[in-house]
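**Q** Pasting upload_29.pdb below, which is PDB, C-alpha atoms, pLDDT in the B column.
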MODEL        1
ATOM      1  CA  MET A  20      61.693  52.497  70.154  1.00 84.00           C
ATOM      2  CA  GLY A  21      63.791  50.816  72.753  1.00 88.00           C
ATOM      3  CA  LYS A  22      63.719  48.827  75.946  1.00 89.00           C
ATOM      4  CA  VAL A  23      65.093  49.705  79.386  1.00 89.00           C
ATOM      5  CA  ILE A  24      66.058  47.068  81.925  1.00 87.00           C
ATOM      6  CA  VAL A  25      66.292  48.365  85.497  1.00 87.00           C
ATOM      7  CA  MET A  26      68.318  46.208  87.871  1.00 82.00           C
ATOM      8  CA  GLY A  27      68.224  46.835  91.606  1.00 75.00           C
ATOM      9  CA  SER A  28      70.321  45.299  94.306  1.00 66.00           C
ATOM     10  CA  GLY A  29      68.552  42.170  95.496  1.00 70.00           C
ATOM     11  CA  THR A  30      65.560  42.520  93.149  1.00 71.00           C
ATOM     12  CA  ASP A  31      64.586  40.940  89.856  1.00 83.00           C
ATOM     13  CA  PRO A  32      65.258  43.043  86.729  1.00 85.00           C
ATOM     14  CA  ARG A  33      62.320  45.192  85.600  1.00 86.00           C
ATOM     15  CA  GLU A  34      61.807  45.626  81.857  1.00 90.00           C
ATOM     16  CA  ILE A  35      60.144  48.681  80.327  1.00 92.00           C
ATOM     17  CA  SER A  36      59.277  48.285  76.632  1.00 93.00           C
ATOM     18  CA  ASP A  37      58.181  50.716  73.905  1.00 93.00           C
ATOM     19  CA  VAL A  38      60.492  53.449  75.246  1.00 92.00           C
ATOM     20  CA  ILE A  39      60.519  56.588  73.115  1.00 93.00           C
ATOM     21  CA  ASP A  40      62.399  59.056  75.343  1.00 92.00           C
ATOM     22  CA  ILE A  41      64.933  58.969  78.172  1.00 90.00           C
ATOM     23  CA  THR A  42      66.033  62.118  79.989  1.00 89.00           C
ATOM     24  CA  THR A  43      68.157  62.769  83.045  1.00 86.00           C
ATOM     25  CA  ASP A  44      67.907  65.493  85.632  1.00 83.00           C
ATOM     26  CA  GLY A  45      70.683  65.260  88.178  1.00 79.00           C
ATOM     27  CA  SER A  46      70.480  61.757  89.609  1.00 75.00           C
ATOM     28  CA  THR A  47      66.962  61.044  88.264  1.00 85.00           C
ATOM     29  CA  VAL A  48      66.262  59.208  85.008  1.00 88.00           C
ATOM     30  CA  LYS A  49      62.844  59.758  83.410  1.00 91.00           C
ATOM     31  CA  ILE A  50      61.577  57.205  80.886  1.00 92.00           C
ATOM     32  CA  LEU A  51      58.595  57.872  78.607  1.00 94.00           C
ATOM     33  CA  THR A  52      56.833  55.103  76.668  1.00 95.00           C
ATOM     34  CA  LEU A  53      54.880  55.139  73.436  1.00 95.00           C
ATOM     35  CA  PHE A  54      51.669  54.829  75.471  1.00 96.00           C
ATOM     36  CA  GLY A  55      52.326  57.924  77.602  1.00 96.00           C
ATOM     37  CA  GLU A  56      53.556  56.066  80.682  1.00 96.00           C
ATOM     38  CA  GLU A  57      56.248  57.880  82.641  1.00 96.00           C
ATOM     39  CA  HIS A  58      58.711  56.070  84.887  1.00 94.00           C
ATOM     40  CA  ARG A  59      61.211  57.831  87.188  1.00 92.00           C
ATOM     41  CA  PHE A  60      64.235  56.263  88.843  1.00 88.00           C
ATOM     42  CA  SER A  61      66.584  57.981  91.264  1.00 85.00           C
ATOM     43  CA  ASP A  62      70.255  57.244  91.842  1.00 82.00           C
ATOM     44  CA  VAL A  63      70.785  54.948  88.847  1.00 81.00           C
ATOM     45  CA  ALA A  64      73.588  54.701  86.314  1.00 78.00           C
ATOM     46  CA  ILE A  65      73.741  53.311  82.781  1.00 80.00           C
ATOM     47  CA  ASP A  66      75.391  49.893  82.880  1.00 81.00           C
ATOM     48  CA  HIS A  67      75.125  48.869  79.220  1.00 83.00           C
ATOM     49  CA  VAL A  68      73.650  50.032  75.913  1.00 84.00           C
ATOM     50  CA  ALA A  69      73.044  47.299  73.292  1.00 84.00           C
ATOM     51  CA  MET A  70      71.888  48.151  69.781  1.00 83.00           C
ATOM     52  CA  ASN A  71      71.962  44.781  68.020  1.00 79.00           C
ATOM     53  CA  ALA A  72      68.191  44.272  68.428  1.00 72.00           C
ATOM     54  CA  GLY A  73      66.789  47.779  68.708  1.00 74.00           C
ATOM     55  CA  VAL A  74      68.089  49.739  71.663  1.00 78.00           C
ATOM     56  CA  VAL A  75      68.364  48.074  75.061  1.00 82.00           C
ATOM     57  CA  ILE A  76      69.656  50.153  77.976  1.00 82.00           C
ATOM     58  CA  SER A  77      70.468  48.584  81.348  1.00 84.00           C
ATOM     59  CA  LEU A  78      70.271  50.783  84.451  1.00 83.00           C
ATOM     60  CA  ILE A  79      71.888  49.801  87.757  1.00 81.00           C
ATOM     61  CA  PRO A  80      72.024  51.443  91.180  1.00 81.00           C
ATOM     62  CA  ALA A  81      74.520  54.306  91.131  1.00 79.00           C
ATOM     63  CA  ALA A  82      77.705  53.962  93.132  1.00 73.00           C
ATOM     64  CA  PRO A  83      77.718  56.069  96.295  1.00 69.00           C
ATOM     65  CA  GLN A  84      79.802  59.212  96.023  1.00 61.00           C
TER      66      GLN A  84
ENDMDL
END
Before anything else, please render the file you have as C-alpha cells.
**A**
Amino acid sequence: MGKVIVMGSGTDPREISDVIDITTDGSTVKILTLFGEEHRFSDVAIDHVAMNAGVVISLIPAAPQ
C-alpha cells in the first residue's frame, strides 16, 4: 500500500492513504484505496515518487501545453 499527496496551486496538500491502485487515462489520474474509495484528479502530473517508507507519490497541477 502507498500514499498519494495531491498538491494544488494555492491549496494545502491533500493526503490519501491506503492506496492500492493508481491508473491514468489521458490527463486523469484515478486512485483506489484499500477501503474501496475512488478519487479522480484531472490535469495533474507526478512530481515525486519516494519509496523509503512505503510508496509516497506526489501529484502537482500539470503544466499547460
**Q** Just want the 7 Å neighbourhood of range 64-77 of chain A, counted on only C-alpha atoms, with same-chain residues fewer than 4 positions away dropped. Output as a PyMOL selection string.
**A** chain A and resi 21-25+81
**Q** Kindly give the distance, in Å, that separates CA of Ile35 in chain A and CA of Glu56 in chain A, rounded to a single decimal.
**A**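 A separation of 9.9 Å between them.
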**Q** Once you count all atoms listed in the file, which residues end up no further than 9 Å from (66.1, 60.0, 87.3) in the file's frame, shown as a PyMOL selection string?
**A** chain A and resi 42-50+58-63
**Q** Quick one: pull the distance between CA of Glu34 in chain A and CA of Ala82 in chain A, Å, one decimal.
**A**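 Those two atoms sit 21.2 Å apart.
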**Q** Expressed in Å to a single decimal, how great is the separation between CA of Thr30 in chain A and CA of Leu51 in chain A?
**A**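 Straight-line distance from CA of Thr30 in chain A to CA of Leu51 in chain A works out to 22.3 Å.
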**Q** Which polymer residues have any atom within 10 Å of an atom of Phe54 in chain A, counting all atoms listed in the file, with same-chain residues fewer than 4 positions away left out, as a PyMOL selection string?
**A** chain A and resi 37-39
**Q** Would you export the selected residues with C-alpha atoms as a CSV table (one decimal), in the coordinates of the input, please?
**A**
chain,number,residue,atom,x,y,z
A,37,ASP,CA,58.2,50.7,73.9
A,38,VAL,CA,60.5,53.4,75.2
A,39,ILE,CA,60.5,56.6,73.1
**Q** Could range 38-59 of chain A be completed with N, CA, C and O atoms and written as an mmCIF file, in the frame of the given file, please?
**A**
data_model
loop_
_atom_site.group_PDB
_atom_site.id
_atom_site.type_symbol
_atom_site.label_atom_id
_atom_site.label_comp_id
_atom_site.auth_asym_id
_atom_site.auth_seq_id
_atom_site.Cartn_x
_atom_site.Cartn_y
_atom_site.Cartn_z
ATOM 1 N N VAL A 38 59.928 52.191 74.752
ATOM 2 C CA VAL A 38 60.492 53.449 75.246
ATOM 3 C C VAL A 38 60.772 54.375 74.066
ATOM 4 O O VAL A 38 61.394 53.978 73.079
ATOM 5 N N ILE A 39 60.281 55.615 74.184
ATOM 6 C CA ILE A 39 60.519 56.588 73.115
ATOM 7 C C ILE A 39 61.400 57.748 73.559
ATOM 8 O O ILE A 39 61.923 58.488 72.730
ATOM 9 N N ASP A 40 61.591 57.932 74.881
ATOM 10 C CA ASP A 40 62.399 59.056 75.343
ATOM 11 C C ASP A 40 62.992 58.748 76.717
ATOM 12 O O ASP A 40 62.308 58.187 77.573
ATOM 13 N N ILE A 41 64.260 59.095 76.883
ATOM 14 C CA ILE A 41 64.933 58.969 78.172
ATOM 15 C C ILE A 41 65.634 60.285 78.444
ATOM 16 O O ILE A 41 66.402 60.771 77.609
ATOM 17 N N THR A 42 65.363 60.878 79.602
ATOM 18 C CA THR A 42 66.033 62.118 79.989
ATOM 19 C C THR A 42 66.586 61.964 81.400
ATOM 20 O O THR A 42 66.118 61.137 82.180
ATOM 21 N N THR A 43 67.594 62.774 81.703
ATOM 22 C CA THR A 43 68.157 62.769 83.045
ATOM 23 C C THR A 43 68.089 64.173 83.615
ATOM 24 O O THR A 43 68.166 65.162 82.891
ATOM 25 N N ASP A 44 67.912 64.221 84.916
ATOM 26 C CA ASP A 44 67.907 65.493 85.632
ATOM 27 C C ASP A 44 68.622 65.248 86.948
ATOM 28 O O ASP A 44 68.027 64.711 87.884
ATOM 29 N N GLY A 45 69.901 65.573 86.990
ATOM 30 C CA GLY A 45 70.683 65.260 88.178
ATOM 31 C C GLY A 45 70.836 63.765 88.308
ATOM 32 O O GLY A 45 71.331 63.107 87.409
ATOM 33 N N SER A 46 70.358 63.201 89.394
ATOM 34 C CA SER A 46 70.480 61.757 89.609
ATOM 35 C C SER A 46 69.177 61.018 89.303
ATOM 36 O O SER A 46 69.020 59.866 89.661
ATOM 37 N N THR A 47 68.242 61.669 88.618
ATOM 38 C CA THR A 47 66.962 61.044 88.264
ATOM 39 C C THR A 47 66.908 60.776 86.763
ATOM 40 O O THR A 47 67.254 61.629 85.958
ATOM 41 N N VAL A 48 66.473 59.577 86.406
ATOM 42 C CA VAL A 48 66.262 59.208 85.008
ATOM 43 C C VAL A 48 64.763 59.110 84.786
ATOM 44 O O VAL A 48 64.054 58.443 85.541
ATOM 45 N N LYS A 49 64.269 59.796 83.758
ATOM 46 C CA LYS A 49 62.844 59.758 83.410
ATOM 47 C C LYS A 49 62.706 59.019 82.085
ATOM 48 O O LYS A 49 63.384 59.339 81.110
ATOM 49 N N ILE A 50 61.807 58.033 82.070
ATOM 50 C CA ILE A 50 61.577 57.205 80.886
ATOM 51 C C ILE A 50 60.135 57.388 80.448
ATOM 52 O O ILE A 50 59.217 57.267 81.254
ATOM 53 N N LEU A 51 59.928 57.682 79.166
ATOM 54 C CA LEU A 51 58.595 57.872 78.607
ATOM 55 C C LEU A 51 58.345 56.791 77.560
ATOM 56 O O LEU A 51 59.201 56.537 76.706
ATOM 57 N N THR A 52 57.160 56.157 77.626
ATOM 58 C CA THR A 52 56.833 55.103 76.668
ATOM 59 C C THR A 52 55.892 55.624 75.582
ATOM 60 O O THR A 52 55.298 56.700 75.708
ATOM 61 N N LEU A 53 55.759 54.829 74.557
ATOM 62 C CA LEU A 53 54.880 55.139 73.436
ATOM 63 C C LEU A 53 53.442 55.374 73.894
ATOM 64 O O LEU A 53 52.707 56.138 73.291
ATOM 65 N N PHE A 54 53.049 54.751 74.994
ATOM 66 C CA PHE A 54 51.669 54.829 75.471
ATOM 67 C C PHE A 54 51.474 55.898 76.537
ATOM 68 O O PHE A 54 50.454 55.923 77.223
ATOM 69 N N GLY A 55 52.449 56.800 76.682
ATOM 70 C CA GLY A 55 52.326 57.924 77.602
ATOM 71 C C GLY A 55 52.659 57.604 79.054
ATOM 72 O O GLY A 55 52.477 58.442 79.924
ATOM 73 N N GLU A 56 53.157 56.406 79.310
ATOM 74 C CA GLU A 56 53.556 56.066 80.682
ATOM 75 C C GLU A 56 54.890 56.741 80.991
ATOM 76 O O GLU A 56 55.781 56.777 80.156
ATOM 77 N N GLU A 57 55.007 57.251 82.215
ATOM 78 C CA GLU A 57 56.248 57.880 82.641
ATOM 79 C C GLU A 57 56.787 57.122 83.852
ATOM 80 O O GLU A 57 56.044 56.844 84.790
ATOM 81 N N HIS A 58 58.052 56.778 83.796
ATOM 82 C CA HIS A 58 58.711 56.070 84.887
ATOM 83 C C HIS A 58 59.898 56.913 85.330
ATOM 84 O O HIS A 58 60.645 57.425 84.496
ATOM 85 N N ARG A 59 60.083 57.069 86.641
ATOM 86 C CA ARG A 59 61.211 57.831 87.188
ATOM 87 C C ARG A 59 62.011 56.947 88.132
ATOM 88 O O ARG A 59 61.449 56.221 88.950
#
